[in-house]
Amino acid sequence: MDNNKIDQLLLKLFSDENSFKEFYEYTHTFVFAYIMSLLKNYDNSRDVMQEVYIKIYQASQNYHSMSKPLAWIYTIARNECYMYLRNKIYMDEYVDNISLPKQIDKDTKMILEGLFTILNERERQVIIMHSLWGFKHYEIAKLLHMSVSTSLSCYHRGMKKMKKEMEIEL
Amino acid sequence: MNKLYKAFETIAPNDLEKIQKEIETRDTSIITSIEMPKKRNYYKLSFAALVCVICLTIALVFQKDNVVFATVGIDVNPSVELNLDGQEKIVEVITHNEAGKKIVGNMELEGSHIDVAMNALIGSMLKEGYINELKNSLLISVTGDNKEENEKIRKRISQDIDDLLKGNHINGAIISQTLNKNTDLETIANQYHISVGKAEIIQQLIQRNTNYTFESLKDLTVNDLNILLTRNNINDIQVDGEVNTKSYISKEKVKQIVQEDSHISHPSYQKIELDCDDGKMVYEVEFINNSIEYEYELDAKSGKILNKEIEKKTSKSNDNTDSKQQSISQAKAKTIAMNHAKVKEVSHYKIKKDKDDGVWEYEIEFENGNKKYEYTINAHDGKILDYEVEKINSAKITSNQAKQIALKHAKISNKNVKNVDIELEDSYYEISFETSLYEYEYKINAVSGKIISYEKEKND
């Protein structure tokens, strides 16, 4: 993902409706993927994503131009997910099952099921952050508080598992 | 990659309208501040703390009548602006950042005289540790229509502050300037969330030294900017008192470090200077020994050697201006990548030198067999930052050939089959067909034509 483009959009986000629209369209797929990778539940992820974009909108008032705005977005999304999970666990409502939208095609279903059943949370997160967000491994290492080699091996192990057990090459 | 993205693209909900509606109903005055993940690097932490030093800007904007006659901005890295009326009393207080908010706290400055307010603010800054003997620089900028008044206020306030600091046994270095109203500058200042006064100083520095960029200087403290002003011999800006560089290691210490590193006891120094590189204060050291030129770059806080370059001085001047960074060669980077990939020969080799986050990197791509490799290698130390291996889809046989292979294997002729369906998956063809009796499903390697698996089921 293009950090520069996102930076420019974020600077205009608060005052310009079109920027918000463009920003949403550009980012929502990988933001959603990240949220879903943590929550596993489609409907809940949808709710959380809405919150994330509202937070981004509000926080963009104070946004300073930076070279890695993706990390900024990541922080908002992560905080929102953790807050949600905390509440759910506190209310004793948390169910650790995957739920996917009902009407999806076979291929998509297979990829997502593989992602959520075969991979563990760390592998899933690293793959999504690397492949979709475009974070470098050393950046992932920093964000997830792990070493670069852990990030690398999680990524490659995850890819291998997907290939071996689902015959999917991502 | 595409598959994963596509999968999520299909399911990612498009709730834009709903979100926009929701935003309208929420109270947008709630200010959300985002704490970035903390860096574990101790040095960076202390640097960030240092960034919260002092920038004191007083902008006085004179206007007619009693609305806003003047604006006084105090900048404690975040900044505070004070709008004054004709009696130099404060009409409005604006804070530009967190530190500014902290300094103002719940002081009710409105209605008090500028001198009283300044006294209170400086006191607060001393108390919070934004000003001390190590961080002794202040920036005062006075903006307004009336030049004479500006000048008067500037002199008075800088004198007052100096006295105030001396009372606290601090020798302040006060940068003061009067500015004309300048919309361009205001735009830049707004964009980078800094005060107009600081923007002006940075602009002066950039004009003098093209190595600087706004991006790299905007987070520096006034103390650092003051050092740079001295370093670049900018004299049109009034500076009272001497900037303190004791928060950085001394030149003696720098000499000691480079001498130890180079094992040279008495080099003749050409240059030892504090400068800014990529938003970070560094010492630049140059010396010559036995006609070998040494260039060092040291972290000004920790004394860590960030970069060194050793070069034989030849009679001709080397045009080695490409980059100051000492870096590994392209061939070396290629070897590193190939060794890591454990391949001996490569095709479709591509290399690109690129700067990411202030770090030079080689981006290398090559192919070997049916695999495509992508490496990112730090151009400075040759460390592998990132790599990826991908299988190349190179279907060598056609779908028709695949079908023939399957039919041949099933021992049926072309005319007896129906419902033939051929699909190219990543590396194989999936072929299904039926005869009157059976249903067949074949998977055939798209490169070699080998049968990976097949199934035969009774037709019902």
# chains A, B, ... in the order shown; residues from 1 in each chain; ligands from 1

call {"tool": "interface_residues", "arguments": {"of": "chain A", "to": "chain B", "cutoff": "8 Å", "atoms": "only C-alpha atoms", "output": "JSON, numbers by chain"}}
result
{"A": [21, 24, 28, 29, 30, 32, 33, 46, 50, 53, 54, 55, 58, 59, 61, 62, 64, 65, 67, 71, 72, 75, 76, 101, 104, 107, 108, 109, 111, 112, 131, 132, 136, 137, 138, 142, 143, 152, 169, 170]}

call {"tool": "write_last_selection", "arguments": {"atoms": "N, CA, C and O atoms", "output": "compact mmCIF listing (two decimals), in the first residue's frame"}}
result
# COMPACT_ATOMS: atom_id res chain seq x y z
N LYS A 21 -13.91 9.26 1.29
CA LYS A 21 -14.44 8.18 0.45
C LYS A 21 -13.28 7.43 -0.21
O LYS A 21 -13.21 6.20 -0.17
N TYR A 24 -11.41 5.43 2.31
CA TYR A 24 -12.15 4.22 2.69
C TYR A 24 -12.00 3.15 1.63
O TYR A 24 -11.69 2.00 1.92
N HIS A 28 -10.11 -0.08 3.03
CA HIS A 28 -11.00 -0.87 3.88
C HIS A 28 -10.80 -2.37 3.73
O HIS A 28 -11.06 -3.13 4.66
N THR A 29 -10.32 -2.81 2.56
CA THR A 29 -10.13 -4.26 2.39
C THR A 29 -9.09 -4.80 3.36
O THR A 29 -9.32 -5.76 4.08
N PHE A 30 -7.92 -4.14 3.40
CA PHE A 30 -6.90 -4.71 4.27
C PHE A 30 -7.15 -4.40 5.74
O PHE A 30 -6.78 -5.17 6.62
N PHE A 32 -10.11 -4.37 7.02
CA PHE A 32 -11.09 -5.40 7.39
C PHE A 32 -10.41 -6.75 7.59
O PHE A 32 -10.72 -7.48 8.53
N ALA A 33 -9.48 -7.06 6.70
CA ALA A 33 -8.77 -8.34 6.81
C ALA A 33 -8.08 -8.44 8.15
O ALA A 33 -8.11 -9.48 8.80
N ARG A 46 -17.41 -6.37 11.17
CA ARG A 46 -18.06 -5.28 10.46
C ARG A 46 -18.36 -4.12 11.41
O ARG A 46 -18.12 -2.96 11.10
N GLN A 50 -16.49 -0.27 11.43
CA GLN A 50 -17.19 1.02 11.44
C GLN A 50 -16.59 1.93 12.52
O GLN A 50 -16.28 3.10 12.26
N TYR A 53 -13.16 3.33 11.46
CA TYR A 53 -13.18 4.45 10.53
C TYR A 53 -13.67 5.73 11.19
O TYR A 53 -13.23 6.83 10.83
N ILE A 54 -14.56 5.60 12.14
CA ILE A 54 -14.99 6.80 12.86
C ILE A 54 -13.82 7.36 13.67
O ILE A 54 -13.57 8.56 13.68
N LYS A 55 -13.08 6.46 14.31
CA LYS A 55 -11.90 6.89 15.08
C LYS A 55 -10.88 7.57 14.17
O LYS A 55 -10.31 8.60 14.51
N GLN A 58 -12.04 11.00 13.34
CA GLN A 58 -11.88 11.96 14.44
C GLN A 58 -10.41 12.28 14.69
O GLN A 58 -10.05 13.42 14.92
N ALA A 59 -9.60 11.24 14.64
CA ALA A 59 -8.19 11.45 14.93
C ALA A 59 -7.50 12.23 13.82
O ALA A 59 -6.46 12.84 14.04
N GLN A 61 -8.20 14.92 12.62
CA GLN A 61 -8.11 16.36 12.96
C GLN A 61 -6.71 16.72 13.40
O GLN A 61 -6.23 17.80 13.14
N ASN A 62 -6.13 15.79 14.16
CA ASN A 62 -4.81 16.08 14.75
C ASN A 62 -3.70 15.36 14.01
O ASN A 62 -2.63 15.19 14.53
N HIS A 64 -0.64 14.48 11.94
CA HIS A 64 0.57 15.15 11.43
C HIS A 64 1.07 14.33 10.27
O HIS A 64 1.02 13.11 10.33
N SER A 65 1.62 14.99 9.30
CA SER A 65 2.18 14.27 8.18
C SER A 65 3.28 13.34 8.68
O SER A 65 4.12 13.73 9.46
N SER A 67 5.79 9.54 7.71
CA SER A 67 6.23 8.72 6.59
C SER A 67 5.58 7.35 6.60
O SER A 67 5.50 6.69 5.59
N ALA A 71 1.23 2.53 9.88
CA ALA A 71 1.42 2.11 11.26
C ALA A 71 0.42 2.84 12.16
O ALA A 71 -0.07 2.29 13.14
N TRP A 72 0.11 4.05 11.79
CA TRP A 72 -0.85 4.86 12.54
C TRP A 72 -2.23 4.21 12.44
O TRP A 72 -2.94 4.03 13.44
N THR A 75 -2.39 1.06 14.40
CA THR A 75 -2.55 1.27 15.83
C THR A 75 -4.02 1.48 16.20
O THR A 75 -4.52 0.93 17.18
N ILE A 76 -4.71 2.29 15.40
CA ILE A 76 -6.12 2.54 15.68
C ILE A 76 -6.91 1.23 15.58
O ILE A 76 -7.69 0.90 16.47
N PRO A 101 -19.46 -14.68 6.07
CA PRO A 101 -20.75 -14.32 5.46
C PRO A 101 -21.31 -15.52 4.70
O PRO A 101 -20.55 -16.36 4.21
N ILE A 104 -20.85 -16.57 -0.18
CA ILE A 104 -19.58 -16.29 -0.83
C ILE A 104 -19.23 -17.46 -1.75
O ILE A 104 -19.71 -18.57 -1.55
N ASP A 107 -14.17 -20.45 -3.92
CA ASP A 107 -12.74 -20.15 -3.78
C ASP A 107 -12.48 -19.28 -2.55
O ASP A 107 -11.60 -19.56 -1.74
N THR A 108 -13.27 -18.21 -2.46
CA THR A 108 -13.10 -17.30 -1.34
C THR A 108 -13.28 -18.05 -0.03
O THR A 108 -12.51 -17.88 0.91
N LYS A 109 -14.29 -18.91 -0.01
CA LYS A 109 -14.59 -19.65 1.21
C LYS A 109 -13.40 -20.53 1.60
O LYS A 109 -13.01 -20.59 2.77
N ILE A 111 -10.20 -20.18 0.80
CA ILE A 111 -9.07 -19.39 1.29
C ILE A 111 -9.31 -18.94 2.72
O ILE A 111 -8.45 -19.08 3.59
N LEU A 112 -10.50 -18.41 2.97
CA LEU A 112 -10.77 -17.88 4.30
C LEU A 112 -10.79 -18.99 5.34
O LEU A 112 -10.26 -18.84 6.44
N SER A 131 1.36 -9.32 3.39
CA SER A 131 0.84 -9.43 2.03
C SER A 131 -0.17 -8.35 1.69
O SER A 131 -0.21 -7.86 0.57
N LEU A 132 -1.00 -7.96 2.66
CA LEU A 132 -2.04 -6.99 2.33
C LEU A 132 -1.63 -5.56 2.70
O LEU A 132 -1.83 -4.65 1.92
N LYS A 136 6.99 -4.30 5.92
CA LYS A 136 8.20 -5.11 5.83
C LYS A 136 8.31 -5.95 7.09
O LYS A 136 7.74 -5.61 8.12
N HIS A 137 9.10 -7.01 7.01
CA HIS A 137 9.17 -7.89 8.18
C HIS A 137 9.75 -7.20 9.40
O HIS A 137 9.33 -7.47 10.52
N TYR A 138 10.70 -6.31 9.19
CA TYR A 138 11.24 -5.65 10.37
C TYR A 138 10.23 -4.69 10.98
O TYR A 138 10.24 -4.43 12.19
N LYS A 142 8.52 -5.00 14.80
CA LYS A 142 8.41 -3.90 15.74
C LYS A 142 6.97 -3.77 16.26
O LYS A 142 6.74 -3.61 17.44
N LEU A 143 6.02 -3.87 15.34
CA LEU A 143 4.62 -3.67 15.73
C LEU A 143 4.10 -4.80 16.60
O LEU A 143 3.30 -4.59 17.49
N LEU A 152 9.54 -13.57 9.96
CA LEU A 152 9.84 -14.26 8.70
C LEU A 152 9.37 -15.71 8.74
O LEU A 152 8.72 -16.19 7.81
N GLU A 169 -1.91 -21.56 -3.10
CA GLU A 169 -0.72 -20.72 -3.05
C GLU A 169 -1.18 -19.29 -3.02
O GLU A 169 -1.76 -18.79 -3.97
N LEU A 170 -0.93 -18.66 -1.91
CA LEU A 170 -1.43 -17.29 -1.79
C LEU A 170 -0.56 -16.33 -2.57
O LEU A 170 0.63 -16.50 -2.64

call {"tool": "residues_around", "arguments": {"residues": "Ser112 of chain B", "least_positions_apart": "3", "cutoff": "7 Å", "atoms": "only C-alpha atoms", "output": "PyMOL selection string"}}
result
chain B and resi 89-90+109+116-117

call {"tool": "residues_around", "arguments": {"residues": "His348 of chain B", "least_positions_apart": "3", "cutoff": "8 Å", "atoms": "only C-alpha atoms", "output": "list in words"}}
result
Glu365, Phe366 and Glu367 of chain B

call {"tool": "atom_distance", "arguments": {"atom1": "atom CA of Tyr82 of chain A", "atom2": "atom CA of Leu70 of chain A"}}
result
18.1 Å

call {"tool": "select_by_dssp", "arguments": {"residues": "segment 5-167 of chain A", "states": "alpha helix (DSSP H)", "output": "ChimeraX atom specification"}}
result
/A:5-13,17-39,42-59,69-90,106-113,121-127,137-143,148-166

call {"tool": "residues_around", "arguments": {"residues": "Pro267 of chain B", "least_positions_apart": "5", "cutoff": "12 Å", "atoms": "only C-alpha atoms", "output": "number ranges by chain"}}
result
B: 255-256, 258-260, 262, 285-295

call {"tool": "write_last_selection", "arguments": {"atoms": "C-alpha atoms", "output": "tab-separated table (two decimals), in the first residue's frame"}}
result
chain	number	residue	atom	x	y	z
B	255	LYS	CA	37.80	12.68	19.16
B	256	GLN	CA	38.40	9.90	21.62
B	258	VAL	CA	37.00	8.08	16.46
B	259	GLN	CA	40.63	7.70	17.47
B	260	GLU	CA	39.87	4.47	19.22
B	262	SER	CA	40.48	4.14	13.67
B	285	VAL	CA	33.99	14.32	11.82
B	286	GLU	CA	36.61	14.44	9.11
B	287	PHE	CA	40.33	13.92	9.43
B	288	ILE	CA	43.30	12.88	7.35
B	289	ASN	CA	46.05	10.51	8.29
B	290	ASN	CA	48.79	9.40	5.90
B	291	SER	CA	46.82	10.80	3.00
B	292	ILE	CA	43.88	8.61	3.90
B	293	GLU	CA	40.71	10.51	4.47
B	294	TYR	CA	38.39	9.41	7.25
B	295	GLU	CA	34.82	10.52	7.57

call {"tool": "residues_around", "arguments": {"residues": "Tyr57 of chain A", "least_positions_apart": "6", "cutoff": "8 Å", "atoms": "only C-alpha atoms", "output": "list in words"}}
result
Leu13, Phe14 and Phe20 of chain A
